[in-house]
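To be precise, the following lines are coords-v2.cif, and they hold mmCIF, C-alpha atoms, pLDDT in the B column; chains and numbers go by the auth columns.
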```
data_start
#
loop_
_atom_site.group_PDB
_atom_site.id
_atom_site.type_symbol
_atom_site.label_atom_id
_atom_site.label_comp_id
_atom_site.label_asym_id
_atom_site.label_seq_id
_atom_site.Cartn_x
_atom_site.Cartn_y
_atom_site.Cartn_z
_atom_site.B_iso_or_equiv
_atom_site.auth_seq_id
_atom_site.auth_asym_id
ATOM 1 C CA MET A 1 10.277 11.286 -5.732 44.00 22 P
ATOM 2 C CA SER A 2 9.973 14.176 -3.296 49.00 23 P
ATOM 3 C CA ALA A 3 6.371 13.501 -2.181 55.00 24 P
ATOM 4 C CA ASP A 4 6.128 13.720 1.593 53.00 25 P
ATOM 5 C CA HIS A 5 3.048 12.247 3.236 51.00 26 P
ATOM 6 C CA ARG A 6 4.227 12.551 6.814 51.00 27 P
ATOM 7 C CA SER A 7 1.820 13.753 9.459 54.00 28 P
ATOM 8 C CA GLY A 8 1.976 13.598 13.216 54.00 29 P
ATOM 9 C CA PRO A 9 5.138 12.650 15.146 55.00 30 P
ATOM 10 C CA ARG A 10 8.093 11.729 12.978 61.00 31 P
ATOM 11 C CA ARG A 11 8.965 8.033 13.119 57.00 32 P
ATOM 12 C CA ARG A 12 12.410 6.570 12.639 64.00 33 P
ATOM 13 C CA GLY A 13 14.157 3.220 12.536 74.00 34 P
ATOM 14 C CA ASP A 14 12.131 0.067 13.145 84.00 35 P
ATOM 15 C CA ALA A 15 8.860 1.933 13.719 90.00 36 P
ATOM 16 C CA LEU A 16 9.082 3.594 10.320 92.00 37 P
ATOM 17 C CA VAL A 17 10.112 0.401 8.541 94.00 38 P
ATOM 18 C CA SER A 18 7.267 -1.541 10.161 93.00 39 P
ATOM 19 C CA ALA A 19 4.730 1.089 9.074 94.00 40 P
ATOM 20 C CA ILE A 20 6.028 1.008 5.493 95.00 41 P
ATOM 21 C CA LEU A 21 5.999 -2.787 5.251 94.00 42 P
ATOM 22 C CA THR A 22 2.500 -2.970 6.732 95.00 43 P
ATOM 23 C CA ALA A 23 1.322 -0.383 4.220 96.00 44 P
ATOM 24 C CA THR A 24 2.900 -2.414 1.404 95.00 45 P
ATOM 25 C CA ILE A 25 0.981 -5.543 2.402 93.00 46 P
ATOM 26 C CA GLU A 26 -2.257 -3.541 2.572 94.00 47 P
ATOM 27 C CA GLU A 27 -1.636 -2.130 -0.906 94.00 48 P
ATOM 28 C CA LEU A 28 -0.943 -5.637 -2.215 91.00 49 P
ATOM 29 C CA SER A 29 -4.154 -6.926 -0.659 90.00 50 P
ATOM 30 C CA GLU A 30 -6.265 -4.185 -2.204 92.00 51 P
ATOM 31 C CA HIS A 31 -4.620 -3.621 -5.576 91.00 52 P
ATOM 32 C CA GLY A 32 -2.367 -6.585 -6.364 89.00 53 P
ATOM 33 C CA TYR A 33 1.294 -6.297 -7.300 89.00 54 P
ATOM 34 C CA ALA A 34 0.633 -4.295 -10.466 88.00 55 P
ATOM 35 C CA GLY A 35 -1.199 -1.641 -8.457 91.00 56 P
ATOM 36 C CA VAL A 36 1.492 -1.123 -5.823 93.00 57 P
ATOM 37 C CA THR A 37 3.415 2.130 -6.199 94.00 58 P
ATOM 38 C CA MET A 38 6.019 3.723 -3.980 95.00 59 P
ATOM 39 C CA ASP A 39 3.883 6.848 -3.719 95.00 60 P
ATOM 40 C CA ALA A 40 0.783 4.929 -2.636 95.00 61 P
ATOM 41 C CA VAL A 41 2.772 3.025 -0.009 96.00 62 P
ATOM 42 C CA ALA A 42 4.323 6.242 1.290 94.00 63 P
ATOM 43 C CA GLN A 43 0.910 7.898 1.497 93.00 64 P
ATOM 44 C CA ARG A 44 -0.661 4.958 3.337 94.00 65 P
ATOM 45 C CA ALA A 45 2.299 4.717 5.724 93.00 66 P
ATOM 46 C CA GLY A 46 2.334 8.479 6.344 91.00 67 P
ATOM 47 C CA ALA A 47 5.967 8.581 5.228 92.00 68 P
ATOM 48 C CA SER A 48 8.022 10.464 2.703 91.00 69 P
ATOM 49 C CA LYS A 49 8.717 8.827 -0.627 92.00 70 P
ATOM 50 C CA ALA A 50 12.403 9.572 -0.105 92.00 71 P
ATOM 51 C CA SER A 51 12.389 7.442 3.052 92.00 72 P
ATOM 52 C CA LEU A 52 11.253 4.467 0.958 94.00 73 P
ATOM 53 C CA TYR A 53 13.906 4.940 -1.709 94.00 74 P
ATOM 54 C CA ARG A 54 16.647 5.266 0.902 93.00 75 P
ATOM 55 C CA ARG A 55 15.860 1.712 2.011 93.00 76 P
ATOM 56 C CA TRP A 56 14.550 0.035 -1.149 92.00 77 P
ATOM 57 C CA GLU A 57 15.815 0.899 -4.613 89.00 78 P
ATOM 58 C CA THR A 58 12.870 -0.715 -6.407 87.00 79 P
ATOM 59 C CA ARG A 59 9.256 -1.652 -5.837 89.00 80 P
ATOM 60 C CA ALA A 60 10.190 -5.358 -6.100 86.00 81 P
ATOM 61 C CA ALA A 61 12.751 -5.029 -3.307 87.00 82 P
ATOM 62 C CA LEU A 62 10.174 -3.355 -1.065 91.00 83 P
ATOM 63 C CA VAL A 63 7.508 -5.951 -1.825 90.00 84 P
ATOM 64 C CA MET A 64 9.865 -8.864 -1.170 87.00 85 P
ATOM 65 C CA ASP A 65 10.776 -7.495 2.248 88.00 86 P
ATOM 66 C CA ALA A 66 7.102 -6.965 3.042 89.00 87 P
ATOM 67 C CA VAL A 67 6.055 -10.440 1.879 87.00 88 P
ATOM 68 C CA TYR A 68 8.847 -12.023 3.895 84.00 89 P
ATOM 69 C CA ARG A 69 6.963 -10.991 7.023 83.00 90 P
ATOM 70 C CA LEU A 70 4.057 -13.209 5.940 83.00 91 P
ATOM 71 C CA VAL A 71 6.081 -16.389 5.394 82.00 92 P
ATOM 72 C CA PRO A 72 5.655 -18.940 8.222 82.00 93 P
ATOM 73 C CA ASP A 73 8.436 -18.964 10.805 85.00 94 P
ATOM 74 C CA PRO A 74 9.914 -22.457 11.339 87.00 95 P
ATOM 75 C CA THR A 75 10.055 -21.851 15.093 87.00 96 P
ATOM 76 C CA ASP A 76 6.267 -21.370 15.166 87.00 97 P
ATOM 77 C CA LEU A 77 5.486 -24.674 13.430 89.00 98 P
ATOM 78 C CA PRO A 78 3.377 -26.983 15.622 91.00 99 P
ATOM 79 C CA ASP A 79 4.852 -30.383 16.423 93.00 100 P
ATOM 80 C CA THR A 80 2.127 -32.899 15.518 95.00 101 P
ATOM 81 C CA GLY A 81 4.198 -35.897 16.591 95.00 102 P
ATOM 82 C CA GLY A 82 4.634 -37.356 13.095 97.00 103 P
ATOM 83 C CA LEU A 83 6.147 -36.496 9.724 97.00 104 P
ATOM 84 C CA ARG A 84 2.873 -36.582 7.796 97.00 105 P
ATOM 85 C CA GLY A 85 1.128 -34.301 10.267 97.00 106 P
ATOM 86 C CA ASP A 86 4.065 -31.894 10.318 97.00 107 P
ATOM 87 C CA LEU A 87 4.118 -31.776 6.507 96.00 108 P
ATOM 88 C CA LEU A 88 0.388 -31.048 6.436 94.00 109 P
ATOM 89 C CA ALA A 89 0.858 -28.246 8.967 94.00 110 P
ATOM 90 C CA ALA A 90 3.892 -26.739 7.247 93.00 111 P
ATOM 91 C CA LEU A 91 2.643 -26.865 3.672 91.00 112 P
ATOM 92 C CA GLY A 92 -0.823 -25.826 4.797 91.00 113 P
ATOM 93 C CA GLN A 93 0.714 -22.639 6.208 88.00 114 P
ATOM 94 C CA VAL A 94 2.659 -22.036 2.979 86.00 115 P
ATOM 95 C CA ALA A 95 -0.472 -22.624 0.872 86.00 116 P
ATOM 96 C CA THR A 96 -2.453 -20.165 3.011 85.00 117 P
ATOM 97 C CA THR A 97 0.301 -17.581 2.616 84.00 118 P
ATOM 98 C CA LEU A 98 0.385 -18.015 -1.165 82.00 119 P
ATOM 99 C CA ASP A 99 -3.397 -17.594 -1.301 82.00 120 P
ATOM 100 C CA GLY A 100 -3.012 -14.023 -0.026 83.00 121 P
ATOM 101 C CA PRO A 101 -0.891 -10.988 -0.863 86.00 122 P
ATOM 102 C CA ALA A 102 2.258 -13.105 -1.057 83.00 123 P
ATOM 103 C CA GLY A 103 0.832 -15.076 -3.971 81.00 124 P
ATOM 104 C CA SER A 104 -0.135 -11.916 -5.805 81.00 125 P
ATOM 105 C CA ALA A 105 3.364 -10.560 -5.257 84.00 126 P
ATOM 106 C CA LEU A 106 5.012 -13.772 -6.466 80.00 127 P
ATOM 107 C CA ARG A 107 3.017 -13.828 -9.695 79.00 128 P
ATOM 108 C CA GLY A 108 3.698 -10.159 -10.338 82.00 129 P
ATOM 109 C CA MET A 109 7.400 -10.279 -9.589 79.00 130 P
ATOM 110 C CA LEU A 110 7.938 -13.361 -11.741 75.00 131 P
ATOM 111 C CA ALA A 111 6.091 -11.780 -14.665 73.00 132 P
ATOM 112 C CA GLU A 112 8.245 -8.691 -14.254 73.00 133 P
ATOM 113 C CA ALA A 113 11.537 -10.581 -13.875 67.00 134 P
ATOM 114 C CA LEU A 114 11.182 -13.365 -16.451 64.00 135 P
ATOM 115 C CA PRO A 115 11.917 -11.328 -19.593 62.00 136 P
ATOM 116 C CA GLU A 116 15.395 -10.408 -18.368 65.00 137 P
ATOM 117 C CA ARG A 117 18.096 -12.615 -16.890 64.00 138 P
ATOM 118 C CA GLU A 118 19.204 -9.790 -14.592 65.00 139 P
ATOM 119 C CA GLY A 119 15.708 -9.551 -13.182 60.00 140 P
ATOM 120 C CA MET A 120 15.596 -13.252 -12.316 59.00 141 P
ATOM 121 C CA HIS A 121 19.066 -13.060 -10.801 63.00 142 P
ATOM 122 C CA ASP A 122 17.954 -10.199 -8.553 64.00 143 P
ATOM 123 C CA LEU A 123 14.790 -12.060 -7.558 63.00 144 P
ATOM 124 C CA ARG A 124 16.792 -15.161 -6.600 62.00 145 P
ATOM 125 C CA ALA A 125 19.330 -13.067 -4.715 60.00 146 P
ATOM 126 C CA ARG A 126 16.595 -11.503 -2.592 58.00 147 P
ATOM 127 C CA SER A 127 14.945 -14.822 -1.766 62.00 148 P
ATOM 128 C CA ARG A 128 15.734 -15.745 1.833 61.00 149 P
ATOM 129 C CA GLY A 129 14.894 -19.439 1.763 76.00 150 P
ATOM 130 C CA ARG A 130 12.327 -19.392 4.588 79.00 151 P
ATOM 131 C CA ASN A 131 10.303 -22.228 3.022 82.00 152 P
ATOM 132 C CA ARG A 132 13.471 -24.312 2.809 87.00 153 P
ATOM 133 C CA GLU A 133 14.118 -23.630 6.501 90.00 154 P
ATOM 134 C CA LEU A 134 10.543 -24.673 7.289 90.00 155 P
ATOM 135 C CA MET A 135 11.010 -28.000 5.516 92.00 156 P
ATOM 136 C CA ALA A 136 14.396 -28.536 7.176 94.00 157 P
ATOM 137 C CA GLU A 137 12.762 -28.166 10.590 94.00 158 P
ATOM 138 C CA VAL A 138 10.035 -30.684 9.702 96.00 159 P
ATOM 139 C CA LEU A 139 12.638 -33.198 8.571 96.00 160 P
ATOM 140 C CA ARG A 140 14.940 -32.571 11.516 95.00 161 P
ATOM 141 C CA ARG A 141 12.110 -33.662 13.798 96.00 162 P
ATOM 142 C CA ALA A 142 11.401 -36.717 11.650 96.00 163 P
ATOM 143 C CA VAL A 143 15.052 -37.788 11.823 96.00 164 P
ATOM 144 C CA LEU A 144 15.088 -37.426 15.606 96.00 165 P
ATOM 145 C CA ARG A 145 11.918 -39.539 15.848 96.00 166 P
ATOM 146 C CA GLY A 146 13.508 -42.219 13.672 95.00 167 P
ATOM 147 C CA GLU A 147 10.888 -41.836 10.927 96.00 168 P
ATOM 148 C CA ILE A 148 13.440 -41.168 8.188 95.00 169 P
ATOM 149 C CA MET A 149 17.196 -41.519 7.749 93.00 170 P
ATOM 150 C CA ALA A 150 19.345 -38.406 7.997 92.00 171 P
ATOM 151 C CA ASP A 151 20.983 -39.083 4.636 90.00 172 P
ATOM 152 C CA ALA A 152 17.578 -38.816 2.947 90.00 173 P
ATOM 153 C CA VAL A 153 17.616 -35.083 3.680 91.00 174 P
ATOM 154 C CA VAL A 154 19.597 -33.375 0.935 89.00 175 P
ATOM 155 C CA PRO A 155 19.310 -29.715 -0.185 89.00 176 P
ATOM 156 C CA THR A 156 17.437 -30.364 -3.429 88.00 177 P
ATOM 157 C CA ARG A 157 14.687 -32.254 -1.606 92.00 178 P
ATOM 158 C CA LEU A 158 14.011 -29.331 0.684 92.00 179 P
ATOM 159 C CA GLU A 159 12.749 -27.369 -2.331 89.00 180 P
ATOM 160 C CA VAL A 160 10.186 -29.873 -3.608 92.00 181 P
ATOM 161 C CA GLY A 161 7.143 -29.145 -1.454 91.00 182 P
ATOM 162 C CA ALA A 162 7.160 -25.366 -1.850 86.00 183 P
ATOM 163 C CA ALA A 163 8.024 -25.712 -5.555 87.00 184 P
ATOM 164 C CA LEU A 164 4.908 -27.827 -6.144 90.00 185 P
ATOM 165 C CA LEU A 165 2.769 -25.271 -4.310 85.00 186 P
ATOM 166 C CA ARG A 166 4.234 -22.416 -6.368 82.00 187 P
ATOM 167 C CA ASN A 167 3.667 -24.404 -9.553 84.00 188 P
ATOM 168 C CA HIS A 168 -0.001 -24.860 -8.643 82.00 189 P
ATOM 169 C CA LEU A 169 -0.349 -21.163 -7.852 77.00 190 P
ATOM 170 C CA LEU A 170 1.289 -19.986 -11.080 76.00 191 P
ATOM 171 C CA PHE A 171 -0.360 -22.402 -13.498 79.00 192 P
ATOM 172 C CA HIS A 172 -3.771 -22.881 -11.886 76.00 193 P
ATOM 173 C CA GLY A 173 -4.186 -19.568 -10.096 68.00 194 P
ATOM 174 C CA ASP A 174 -6.588 -20.936 -7.490 67.00 195 P
ATOM 175 C CA PRO A 175 -6.009 -21.951 -3.856 65.00 196 P
ATOM 176 C CA LEU A 176 -4.647 -25.413 -3.203 75.00 197 P
ATOM 177 C CA ASP A 177 -7.473 -27.463 -1.671 82.00 198 P
ATOM 178 C CA ASP A 178 -7.035 -30.117 1.017 87.00 199 P
ATOM 179 C CA ALA A 179 -7.216 -33.009 -1.470 88.00 200 P
ATOM 180 C CA ALA A 180 -4.446 -31.584 -3.655 87.00 201 P
ATOM 181 C CA LEU A 181 -2.269 -30.816 -0.619 91.00 202 P
ATOM 182 C CA THR A 182 -2.745 -34.329 0.744 93.00 203 P
ATOM 183 C CA ALA A 183 -1.869 -35.829 -2.647 92.00 204 P
ATOM 184 C CA ILE A 184 1.399 -33.867 -2.779 93.00 205 P
ATOM 185 C CA ILE A 185 2.341 -35.142 0.671 96.00 206 P
ATOM 186 C CA ASP A 186 1.211 -38.775 0.291 97.00 207 P
ATOM 187 C CA ASP A 187 2.211 -39.323 -3.344 96.00 208 P
ATOM 188 C CA VAL A 188 5.381 -37.245 -3.554 96.00 209 P
ATOM 189 C CA LEU A 189 6.937 -36.052 -0.317 96.00 210 P
ATOM 190 C CA LEU A 190 6.536 -39.061 1.983 96.00 211 P
ATOM 191 C CA PRO A 191 7.912 -41.530 -0.612 96.00 212 P
ATOM 192 C CA LEU A 192 10.704 -39.072 -1.413 95.00 213 P
ATOM 193 C CA PHE A 193 11.896 -38.622 2.153 95.00 214 P
ATOM 194 C CA ARG A 194 11.644 -42.333 2.915 92.00 215 P
ATOM 195 C CA THR A 195 14.015 -43.146 0.050 90.00 216 P
ATOM 196 C CA PRO A 196 17.811 -42.759 0.351 83.00 217 P
ATOM 197 C CA PRO A 197 19.293 -40.319 -2.172 77.00 218 P
ATOM 198 C CA HIS A 198 20.934 -41.626 -5.336 69.00 219 P
ATOM 199 C CA ARG A 199 24.129 -39.950 -4.216 61.00 220 P
ATOM 200 C CA PRO A 200 24.916 -39.521 -0.528 53.00 221 P
ATOM 201 C CA GLY A 201 24.635 -35.877 0.494 50.00 222 P
ATOM 202 C CA HIS A 202 25.085 -33.805 3.587 50.00 223 P
ATOM 203 C CA PRO A 203 22.059 -34.047 5.901 51.00 224 P
ATOM 204 C CA LEU A 204 22.337 -30.381 6.891 50.00 225 P
ATOM 205 C CA GLY A 205 22.740 -31.274 10.540 46.00 226 P
ATOM 206 C CA VAL A 206 19.143 -32.458 10.925 48.00 227 P
ATOM 207 C CA GLY A 207 20.309 -35.519 12.831 43.00 228 P
ATOM 208 C CA GLU A 208 21.669 -33.369 15.634 43.00 229 P
ATOM 209 C CA ALA A 209 19.583 -32.696 18.684 38.00 230 P
ATOM 210 C CA SER A 210 18.707 -29.063 19.229 36.00 231 P
#
```

Can you turn what I pasted into structure tokens?
Amino acid sequence: MSADHRSGPRRRGDALVSAILTATIEELSEHGYAGVTMDAVAQRAGASKASLYRRWETRAALVMDAVYRLVPDPTDLPDTGGLRGDLLAALGQVATTLDGPAGSALRGMLAEALPEREGMHDLRARSRGRNRELMAEVLRRAVLRGEIMADAVVPTRLEVGAALLRNHLLFHGDPLDDAALTAIIDDVLLPLFRTPPHRPGHPLGVGEAS
């Protein structure tokens, strides 16, 4: 764990972290999750292995932080003027992300975590819910436009779109094409969000103007 691959000026703080996370994504792209090692990341980033372990105790923790940079930011989501268009834009971005290094990382981390309950607990704990935030933003706009009722937006429904994309990735292993994405939106999500919940829930503030 003492390997030191530093060369040139010594970097610290955000500059060092950014270099390490970028190197992690590049390793994922070239070798997949199974091929990512702390030493290879340190070498590519021109950093010491110790600097990685000071910030990330495990390879999975490092990869999750790196992949998080690839997940679409809700504030960058284009406003298409309608719920269906916004869903296509949002889930299209998620599908594109899963078709790259993030998808490789997800498959690898799940395979690694599934055999042990502690591993799954750690994986859930590190998940930051960005896809849920993306869906919440789409639905907030739809409520403000009057396309859906605020009480149709409950926490469990925010998970459905991304869960279907992950299911496709894990069990089919190929990119989600436009026809499959459209079917998820037209056959599942639009009917779901246009139907009041069985039990009234909290609309997560999506009815409030920003």

Residue contacts of region 182-190 of chain P (8 Å, only C-alpha atoms) excluding same-chain residues fewer than 5 positions away, as a ChimeraX atom specification: /P:112,115-116,119,124,152-153,195-197,205-206,210

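Interatomic distance, CA of Leu98 (chain P) to CA of Ala82 (chain P): 26.8 Å.
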
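For the pair CA of Arg151 (chain P) and CA of Leu202 (chain P), the separation is 19.3 Å.
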
Computed interatomic separation between CA of Asp198 (chain P) and CA of Glu180 (chain P) (Å):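 So the two atoms, CA of Asp198 (chain P) and CA of Glu180 (chain P), lie 20.2 Å apart.
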
Option closest in space to Thr216 (chain P), from P:Glu48, P:Asp86, P:Glu168, P:Asp120 [counting all atoms listed in the file]: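 Distance minimum relative to Thr216 (chain P) lands on P:Glu168.
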
P:Ile46, P:Leu131, P:Ile41, P:Met170 ranked by distance to Ser69 (chain P), top pick (using only C-alpha atoms):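 Of all the options, P:Ile41 lies closest to Ser69 (chain P).
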
Residues within 10 Å of (1.4, -10.3, -10.4), counting all atoms listed in the file, listed as a PyMOL selection string: chain P and resi 49+53-56+122-133+191

Closest of P:Pro217, P:Pro212, P:Gly121, P:Gly150 to Ala173 (chain P) - atom-to-atom distances counting only C-alpha atoms: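 Of all the options, P:Pro217 lies closest to Ala173 (chain P).
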
Expansion of the PyMOL selection byres ((chain P and resi 214) around 12) into residues, as a PyMOL selection string: chain P and resi 104-105+108+156-157+159-161+163-164+168-179+181-182+206-213+215-218+224

Extending 8 Å beyond the listed atoms of region 184-189 of chain P on each side, what axis-aligned box results? I want centre and edge lengths in Å to one decimal, as AutoDock Vina command-line options.
```
--center_x 4.0 --center_y -25.1 --center_z -6.9 --size_x 24.0 --size_y 21.4 --size_z 21.2
```

Which residue of P:Glu158, P:Ser72, P:Gly167, P:Gly103 approaches Gly34 (chain P) most closely, using only C-alpha atoms: P:Ser72

Matched chain/residue IDs from the PyMOL selection byres ((chain P and resi 35-38) around 12), as JSON, numbers by chain: {"P": [27, 30, 31, 32, 33, 34, 39, 40, 41, 42, 43, 44, 45, 62, 63, 66, 67, 68, 69, 72, 73, 74, 75, 76, 77, 83, 86, 87, 90]}

Nearest candidate to Gly106 (chain P) (options P:Lys70, P:Thr79, P:Arg162, P:Glu51; using only C-alpha atoms):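 Checking each of P:Lys70, P:Thr79, P:Arg162, P:Glu51 against Gly106 (chain P), counting only C-alpha atoms, the winner is P:Arg162.
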